[in-house]
Protein chains: 2
Amino acid sequence: MSDELPSLLTTWRGTVLSEWVDYNGHLRDAFYMLLFSYATDGFMDQIGLDVAGRAASGHSLFTMEAHINYVKEVKEGVAVEVRTQVLAHDAKRLQIYHALYRSEGLSVLAANEQMLINVDVTGSDTGAFSTAFAPRVMEEIQRYMMLHGTLPCPKYAGRRIALPNSLSGWAQL
Amino acid sequence: MSDELPSLLTTWRGTVLSEWVDYNGHLRDAFYMLLFSYATDGFMDQIGLDVAGRAASGHSLFTMEAHINYVKEVKEGVAVEVRTQVLAHDAKRLQIYHALYRSEGLSVLAANEQMLINVDVTGSDTGAFSTAFAPRVMEEIQRYMMLHGTLPCPKYAGRRIALPNSLSGWAQL
């Protein structure tokens with residue numbers, strides 16, 4: 001595969017469906033987020049939090065925060081894929097970066113940074129509460145952290161939203 | 001309506017549908033973004049960029065960037081609404097802040113900051129290009145800016161994603 005960064009994990013592949021396209025004729029902003037949400041599911045499958053892993057541990061990941069950059073329009077029927085890089089983690093949080101490409105393409109169509117938290121969902125009456133990753137899951141996260149920690153910081157990570165000339169924004173930092 | 005900030009505009013109202021709910025039994029992260037995307041459509045209706053206004057001007061708004069904070073879980077069937085505040089604008093960009101509430105509720109379920117850009121979509125073969133807001137649209141934006149500019153900066157605006165103890169993150173800034 002023609003991937004500049006072969007250690008990145010491809011976490012979702014698919015085609016842009018007609019129901020995801022808006023009145024401008026391209027992928028609606030919210031459905032980029034859906035592809036990235038599926039990509040997080042794909043990443044969870046890789047670290048032992050697939051359906052069986054969630055059932056066995058009682059753990060799942062919740063999204064706390066997400067940041068999306070829309071770089072290029074994507075039209076219906078286009079084959080795309082999401083590649084994922086682990087940016088950071090602590091005992092119960094995981095910061096990941098997804099980028100959307102055309103299949104086997106090199107140019108970023110959109111990027112999405114997510115902060116996820118590990119939760120115990122078994123206390124369904126009292127609600128979920130955050131808890132440390134299971135040891136087996138932590139091992140997998142650390143394996144990806146080792147692999148991805150030497151890659152350059154991705155272009156759209158760590159951003160805050162502001163007008164280009166705003167004094168309060170990212171442009172001055 | 002029991003709204004602390006009555007000058008905010010309610011831009012979307014609806015009920016959480018079964019197809020938006022994930023395996024954890026609550027609104028999937030991407031579908032919060034769909035509600036916020038609908039809210040942007042609702043806001044466009046207010047500033048002269050509804051279907052007729054888009055057709056007449058050849059202009060539309062594209063989302064350049066978005067940041068979401070997930071504060072509380074939302075379950076299927078819950079009646080919710082999005083309230084919207086204009087944060088800033090320039091000649092062709094608009095920065096808005098959406099917050100999701102239970103209908104007539106006071107507690108934020110999720111927040112979404114967006115940077116939008118005005119585009120001329122009439123050159124459909126050559127692709128859309130950014131351009132200044134039409135004067136009539138600019139007047140409406142300025143009217144909301146006057147109304148909203150005196151409100152406090154919303155809690156989840158201007159954030160960047162980082163682990164709580166990260167040296168590179170928002171926590172130290």
# chains A, B, ... in the order shown; residues from 1 in each chain; ligands from 1
call {"tool": "interface_residues", "arguments": {"of": "chain B", "to": "chain A", "cutoff": "6 Å", "atoms": "only C-alpha atoms", "output": "list of chain:residue names"}}
result
B:Ala30, B:Met33, B:Leu34, B:Met64, B:Glu65, B:Ala66, B:His67, B:Ile68, B:Asn69, B:Tyr70, B:Gly158, B:Arg159, B:Arg160, B:Ile161
call {"tool": "select_by_dssp", "arguments": {"residues": "range 15-114 of chain B", "states": "helix (DSSP H, G or I)", "output": "ChimeraX atom specification"}}
result
/B:18-20,29-46,51-57
call {"tool": "atom_distance", "arguments": {"atom1": "CA of Gly105 in chain A", "atom2": "CA of Val119 in chain B"}}
result
26.1 Å
call {"tool": "atom_distance", "arguments": {"atom1": "CA of Glu104 in chain B", "atom2": "CA of Glu139 in chain B"}}
result
29.0 Å
call {"tool": "atom_distance", "arguments": {"atom1": "CA of Val108 in chain A", "atom2": "CA of Asp41 in chain B"}}
result
26.0 Å
call {"tool": "select_by_dssp", "arguments": {"residues": "range 16-155 of chain A", "states": "strand (DSSP E or B)", "output": "CSV table (one decimal) with N, CA and C atoms, in the first residue's frame"}}
result
chain,number,residue,atom,x,y,z
A,21,VAL,N,-24.6,12.3,2.0
A,21,VAL,CA,-24.3,13.5,1.2
A,21,VAL,C,-25.3,14.6,1.4
A,26,HIS,N,-21.9,16.9,-1.3
A,26,HIS,CA,-20.8,16.1,-0.8
A,26,HIS,C,-21.0,15.7,0.7
A,27,LEU,N,-20.1,14.9,1.1
A,27,LEU,CA,-20.2,14.3,2.5
A,27,LEU,C,-20.5,15.4,3.5
A,59,HIS,N,-15.9,-3.1,30.1
A,59,HIS,CA,-15.3,-1.8,29.8
A,59,HIS,C,-15.7,-1.4,28.4
A,60,SER,N,-15.8,-0.1,28.2
A,60,SER,CA,-15.9,0.4,26.8
A,60,SER,C,-15.2,1.8,26.8
A,61,LEU,N,-15.1,2.4,25.6
A,61,LEU,CA,-14.5,3.7,25.6
A,61,LEU,C,-15.6,4.8,25.2
A,62,PHE,N,-15.6,5.9,25.9
A,62,PHE,CA,-16.5,7.0,25.6
A,62,PHE,C,-15.7,8.1,25.0
A,63,THR,N,-16.2,8.8,24.1
A,63,THR,CA,-15.6,10.0,23.5
A,63,THR,C,-15.9,11.2,24.4
A,64,MET,N,-14.8,11.8,24.9
A,64,MET,CA,-15.0,13.0,25.7
A,64,MET,C,-15.0,14.3,24.9
A,65,GLU,N,-14.1,14.3,23.9
A,65,GLU,CA,-13.9,15.5,23.1
A,65,GLU,C,-13.4,15.1,21.8
A,66,ALA,N,-13.7,15.9,20.8
A,66,ALA,CA,-13.2,15.7,19.4
A,66,ALA,C,-13.0,17.0,18.7
A,67,HIS,N,-12.1,17.0,17.8
A,67,HIS,CA,-11.8,18.2,16.9
A,67,HIS,C,-11.6,17.7,15.5
A,68,ILE,N,-12.4,18.3,14.6
A,68,ILE,CA,-12.3,17.9,13.2
A,68,ILE,C,-11.8,19.0,12.3
A,69,ASN,N,-11.0,18.7,11.4
A,69,ASN,CA,-10.6,19.7,10.3
A,69,ASN,C,-11.1,19.1,9.0
A,70,TYR,N,-11.9,19.9,8.3
A,70,TYR,CA,-12.4,19.5,7.0
A,70,TYR,C,-11.4,20.1,5.9
A,75,LYS,N,-17.1,13.3,-2.4
A,75,LYS,CA,-18.4,13.0,-3.0
A,75,LYS,C,-18.9,11.6,-2.8
A,79,ALA,N,-14.3,5.8,-2.6
A,79,ALA,CA,-13.8,4.8,-1.7
A,79,ALA,C,-12.8,5.5,-0.8
A,80,VAL,N,-12.9,5.4,0.5
A,80,VAL,CA,-12.1,6.2,1.4
A,80,VAL,C,-11.6,5.2,2.5
A,81,GLU,N,-10.6,5.7,3.3
A,81,GLU,CA,-10.2,4.9,4.4
A,81,GLU,C,-9.6,5.9,5.5
A,82,VAL,N,-9.7,5.4,6.7
A,82,VAL,CA,-9.2,6.2,7.9
A,82,VAL,C,-7.9,5.5,8.4
A,83,ARG,N,-6.9,6.3,8.6
A,83,ARG,CA,-5.6,5.8,9.2
A,83,ARG,C,-5.4,6.5,10.6
A,84,THR,N,-5.0,5.7,11.5
A,84,THR,CA,-5.0,6.1,12.9
A,84,THR,C,-3.7,6.1,13.6
A,85,GLN,N,-3.4,7.1,14.4
A,85,GLN,CA,-2.2,7.2,15.1
A,85,GLN,C,-2.5,7.5,16.6
A,86,VAL,N,-1.8,6.7,17.5
A,86,VAL,CA,-2.0,7.0,18.9
A,86,VAL,C,-1.1,8.2,19.3
A,87,LEU,N,-1.6,9.2,19.9
A,87,LEU,CA,-0.9,10.4,20.3
A,87,LEU,C,-0.4,10.3,21.7
A,88,ALA,N,-1.2,9.9,22.6
A,88,ALA,CA,-0.9,9.9,24.0
A,88,ALA,C,-1.9,9.1,24.8
A,89,HIS,N,-1.5,8.7,26.0
A,89,HIS,CA,-2.5,8.0,26.9
A,89,HIS,C,-2.1,8.2,28.3
A,93,ARG,N,-7.2,7.3,29.9
A,93,ARG,CA,-7.5,8.2,28.8
A,93,ARG,C,-6.6,7.8,27.6
A,94,LEU,N,-7.2,8.0,26.4
A,94,LEU,CA,-6.5,7.7,25.2
A,94,LEU,C,-6.7,8.8,24.2
A,95,GLN,N,-5.6,9.4,23.7
A,95,GLN,CA,-5.7,10.5,22.7
A,95,GLN,C,-5.3,9.9,21.3
A,96,ILE,N,-6.2,9.9,20.4
A,96,ILE,CA,-5.9,9.4,19.1
A,96,ILE,C,-6.2,10.4,18.0
A,97,TYR,N,-5.6,10.1,16.8
A,97,TYR,CA,-5.7,11.0,15.7
A,97,TYR,C,-6.0,10.2,14.4
A,98,HIS,N,-7.2,10.5,13.9
A,98,HIS,CA,-7.6,9.8,12.6
A,98,HIS,C,-7.4,10.8,11.5
A,99,ALA,N,-7.0,10.2,10.3
A,99,ALA,CA,-7.0,11.0,9.1
A,99,ALA,C,-7.7,10.2,8.0
A,100,LEU,N,-8.6,10.9,7.2
A,100,LEU,CA,-9.3,10.3,6.1
A,100,LEU,C,-8.6,10.5,4.8
A,101,TYR,N,-8.5,9.5,4.1
A,101,TYR,CA,-7.8,9.5,2.7
A,101,TYR,C,-8.7,8.8,1.7
A,102,ARG,N,-8.5,9.1,0.4
A,102,ARG,CA,-9.0,8.2,-0.6
A,102,ARG,C,-8.3,6.9,-0.4
A,110,ALA,N,-9.6,14.9,5.6
A,110,ALA,CA,-10.1,15.4,6.9
A,110,ALA,C,-9.3,14.8,8.0
A,111,ALA,N,-9.3,15.5,9.1
A,111,ALA,CA,-8.6,14.9,10.3
A,111,ALA,C,-9.4,15.1,11.5
A,112,ASN,N,-9.2,14.2,12.4
A,112,ASN,CA,-10.0,14.1,13.6
A,112,ASN,C,-9.2,13.7,14.8
A,113,GLU,N,-9.1,14.6,15.8
A,113,GLU,CA,-8.4,14.2,17.1
A,113,GLU,C,-9.5,13.9,18.1
A,114,GLN,N,-9.3,12.8,18.8
A,114,GLN,CA,-10.3,12.4,19.8
A,114,GLN,C,-9.6,12.2,21.2
A,115,MET,N,-10.3,12.5,22.2
A,115,MET,CA,-9.9,12.1,23.6
A,115,MET,C,-11.0,11.2,24.1
A,116,LEU,N,-10.5,9.9,24.4
A,116,LEU,CA,-11.4,8.9,24.8
A,116,LEU,C,-11.1,8.5,26.2
A,117,ILE,N,-12.2,8.0,26.9
A,117,ILE,CA,-12.0,7.6,28.3
A,117,ILE,C,-12.5,6.2,28.5
A,118,ASN,N,-11.8,5.4,29.2
A,118,ASN,CA,-12.2,4.1,29.5
A,118,ASN,C,-13.3,4.1,30.6
A,119,VAL,N,-14.4,3.4,30.4
A,119,VAL,CA,-15.5,3.4,31.4
A,119,VAL,C,-15.9,2.0,31.7
A,120,ASP,N,-16.3,1.8,32.9
A,120,ASP,CA,-17.0,0.6,33.3
A,120,ASP,C,-18.5,0.8,33.1
A,129,PHE,N,-18.9,4.7,34.9
A,129,PHE,CA,-17.9,5.5,35.6
A,129,PHE,C,-16.5,5.2,35.0
A,130,SER,N,-15.6,6.2,35.0
A,130,SER,CA,-14.3,6.0,34.4
A,130,SER,C,-13.5,5.1,35.3
call {"tool": "residues_around", "arguments": {"residues": "Gln46 in chain A", "least_positions_apart": "6", "cutoff": "10 Å", "atoms": "only C-alpha atoms", "output": "list in words"}}
result
Leu9, Thr11, Thr40, Val137, Glu140, Ile141 and Tyr144 of chain A
call {"tool": "closest_residue", "arguments": {"among": "B:Ile47, B:Ser107, B:Tyr156, B:His148", "to": "Leu8 in chain B", "atoms": "only C-alpha atoms"}}
result
B:His148
